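Visitor: Sharing a structure below in structure tokens format, with a few things to ask.
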Amino acid sequence: MVVIDGKVLAAKLQGRLAEKTALLKDKTGLEPGLVVILVGENPASQVYVRNKERSALAAGFRSEVVRVPDTITQAELLGLIERYNQDDAWHGILVQLPLPAHIDEEAVLLAIDPQKDVDGFHPTNMGKFWSGHPVMIPSTPAGIMEMFREYGITLEGKKAVVIGRSNIVGKPMAQLLLDAHATVTIAHSRTENLAQLAREADILVVAIGRGHFVTKDFVKEGAVVIDVGMNRDENGKLIGDVAYDEVKELASYITPVPGGVGPMTITMLMEQTFEAFQRNLDK
Ligand code: NAP
């Protein structure tokens with residue numbers, strides 16, 4: 001069994017990104033700019049935003065976190081986004097979710113210029129992605145594809161099961177696996193005989209948000225198991241959706257939590273920001 005080390009791979013990709021950024025900065029005097037807008041004081045969001053800022057600075061980007069109170073009106077938030085849309089110094093705009101209830105999340109995602117939508121959640125980017133012409137790819141599944149590449153894991157012809165059908169993880173993951181010529185099944189909370197279905201998978205990706213839900217009964221011997229879940233156990237410890245200790249006995253490759261998919265997600269956001277910057281230079 002091989003443990004897929006997301007932390008090491010993310011550090012390697014971040015290092016490469018910092019080199020590419022430095023080279024382009026020398027050549028053009030310009031650098032990628034990433035702005036993150038954080039509404040309110042959700043503790044988990046504050047941690048995510050801090051990590052994104054740290055990662056952007058480590059890559060040599062210009063980085064700004066705009067913190068606004070949760071009393072901001074929707075019109076004010078849309079106005080703020082528009083300012084960054086218009087400003088050529090910024091190549092990526094992220095609005096940290098979730099948003100307070102009085103703000104329409106869809107209106108906010110629609111307001112971001114698709115060319116700066118490094119999360120890939122704008123319908124224009126989603127449409128391009130689904131129709132096979134991706135520009136921005138949702139970062140968590142993009143990071144998982146990097147892991148497959150790095151570890152030489154073959155997808156073509158393999159049977160893949162993705163458990164979870166969210167727009168940010170499950171569905172785009174299934175699409176990327178399909179594009180890589182796997183045969184893909186998407187499972188969810190209404191799927192019958194889930195363990196039996198999962199046991200058929202050569203590649204099993206789990207993104208449901210339930211601590212240690214996937215036990216060895218869900219896993220075929222030799223399967224590749226990717227755990228996207230981030231949950232807290234009763235002691236506040238970060239745990240995945242997969243019961244790691246028992247599943248690792250069966251898997252050929254497995255991602256741990258923490259140190260698996262998580263670090264790759266932020267790295268891929270930085271990659272997308274760099275690519276948005278480069279596309280802007282090429283214009
Ligand atoms: P989400 O929007 O809540 O979606 C969860 C999906 O799991 C839904 O499709 C749901 O099915 C399915 N599901 C829930 N319980 C199930 C069960 N008992 N059996 C089968 N399917 C079940 O969650 P998400 O945003 O995709 O995130 C999933 C997990 O990944 C969370 O723990 C989240 O924190 C984590 N995450 C991690 C990263 C990272 O960078 N590591 C990034 C994003 C998310 P229905 O559609 O039928 O309700």
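Simple scheme: letters A, B, ... for chains in structure tokens order, numbers from 1 for residues in each chain, numbers from 1 for ligands in the order shown.
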I want to know what sits within 12 Å of Tyr244 in chain A, based on only C-alpha atoms, with residues of the same chain fewer than 3 positions away left out; could you give that as a PyMOL selection string?
Guide: chain A and resi 3+211-216+219+225-227+229+239-241+247-251+253-258+260
Visitor: Taking only C-alpha atoms and all ligand atoms into account, which residues are within 7 Å of ligand 1, as a tab-separated table (two decimals) with C-alpha atoms, in the first residue's frame?
Guide:
```tsv
chain	number	residue	atom	x	y	z
A	140	THR	CA	-10.35	19.94	-5.25
A	163	ILE	CA	-19.52	9.00	-3.55
A	164	GLY	CA	-20.97	12.53	-3.27
A	165	ARG	CA	-22.56	14.69	-5.97
A	166	SER	CA	-21.85	18.29	-4.93
A	168	ILE	CA	-17.69	21.62	-6.10
A	169	VAL	CA	-16.35	18.09	-5.58
A	170	GLY	CA	-18.40	15.05	-6.59
A	187	ALA	CA	-23.31	7.62	-5.77
A	188	HIS	CA	-25.12	9.73	-3.14
A	189	SER	CA	-27.36	9.50	-0.11
A	190	ARG	CA	-30.17	7.77	-2.02
A	191	THR	CA	-27.95	5.13	-3.62
A	207	ALA	CA	-16.65	13.25	-0.67
A	208	ILE	CA	-19.63	13.09	1.67
A	209	GLY	CA	-18.71	14.83	4.93
A	210	ARG	CA	-19.32	11.92	7.34
A	228	VAL	CA	-11.91	14.23	0.38
A	229	GLY	CA	-13.80	14.44	3.68
A	230	MET	CA	-12.89	16.88	6.41
A	231	ASN	CA	-14.77	16.20	9.62
A	241	ASP	CA	-14.79	10.14	5.39
A	261	VAL	CA	-6.42	16.12	-0.65
A	262	GLY	CA	-6.58	19.29	1.49
A	263	PRO	CA	-3.14	20.79	0.71
A	265	THR	CA	-6.85	22.09	-3.16
```
Visitor: Name the residues of range 164-194 of chain A that fall into strand (DSSP E or B) according to DSSP on the backbone, using the chain letters and numbers of this document, as a PyMOL selection string.
Guide: chain A and resi 183-187
Visitor: Could you take the residues named above and write them with N, CA, C and O atoms, as a compact mmCIF listing (two decimals), in the first residue's frame?
Guide:
```
# COMPACT_ATOMS: atom_id res chain seq x y z
N THR A 183 -14.60 4.53 -16.37
CA THR A 183 -16.05 4.31 -16.43
C THR A 183 -16.58 4.70 -15.06
O THR A 183 -16.17 4.12 -14.05
N VAL A 184 -17.46 5.72 -15.04
CA VAL A 184 -17.73 6.39 -13.75
C VAL A 184 -19.16 6.20 -13.27
O VAL A 184 -20.11 6.33 -14.04
N THR A 185 -19.29 5.92 -11.99
CA THR A 185 -20.60 5.89 -11.34
C THR A 185 -20.58 6.95 -10.23
O THR A 185 -19.61 7.04 -9.49
N ILE A 186 -21.64 7.76 -10.16
CA ILE A 186 -21.75 8.73 -9.06
C ILE A 186 -22.79 8.21 -8.07
O ILE A 186 -23.92 7.91 -8.46
N ALA A 187 -22.39 8.10 -6.81
CA ALA A 187 -23.31 7.62 -5.77
C ALA A 187 -23.62 8.77 -4.81
O ALA A 187 -22.88 9.76 -4.75
```
Visitor: Quick one: pull the distance between CA of Lys220 in chain A and CA of Ile137 in chain A, Å, one decimal.
Guide: 29.4 Å
Visitor: Output as JSON, numbers by chain all residues of range 47-205 of chain A that backbone DSSP marks as helix (DSSP H, G or I).
Guide: {"A": [47, 48, 49, 50, 51, 52, 53, 54, 55, 56, 57, 58, 74, 75, 76, 77, 78, 79, 80, 81, 82, 83, 84, 85, 86, 105, 106, 107, 108, 109, 110, 111, 114, 115, 116, 123, 124, 125, 126, 127, 128, 129, 130, 139, 140, 141, 142, 143, 144, 145, 146, 147, 148, 149, 150, 170, 171, 172, 173, 174, 175, 176, 177, 178, 179, 194, 195, 196, 197, 198]}
Visitor: Check the smallest atom-to-atom distance from each of A:Ala89, A:Ala160, A:Pro100, A:Pro32 to Gln74 in chain A using only C-alpha atoms, then report the winner.
Guide: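 Among the listed residues, the smallest separation from Gln74 in chain A belongs to A:Pro100.
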Visitor: From the list A:Ala111, A:Leu97, A:Ala22, A:Ala56, which residue is nearest Pro43 in chain A when using only C-alpha atoms?
Guide: A:Leu97
Visitor: Tell me, in Å to one decimal, how far CA of Val2 in chain A is from CA of Lys159 in chain A.
Guide: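 For CA of Val2 in chain A relative to CA of Lys159 in chain A, the distance reads 19.6 Å.
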Visitor: Find the residue from A:Ser45, A:Thr267, A:Asn85, A:Gln14 that sits nearest to Arg67 in chain A; use only C-alpha atoms when measuring.
Guide: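 Once distances to Arg67 in chain A are computed over only C-alpha atoms, the minimum belongs to A:Ser45.
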Visitor: Here is a test: counting only C-alpha atoms, which residue of A:Leu176, A:Ile4, A:Leu77, A:Ala18 is nearest to Ala142 in chain A?
Guide: A:Leu176
Visitor: Taking into account only C-alpha atoms, which residue in the set A:Asp119, A:Glu64, A:Asp202, A:Asp245 is nearest to Arg50 in chain A?
Guide: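 Using only C-alpha atoms, the shortest distance to Arg50 in chain A belongs to A:Glu64.
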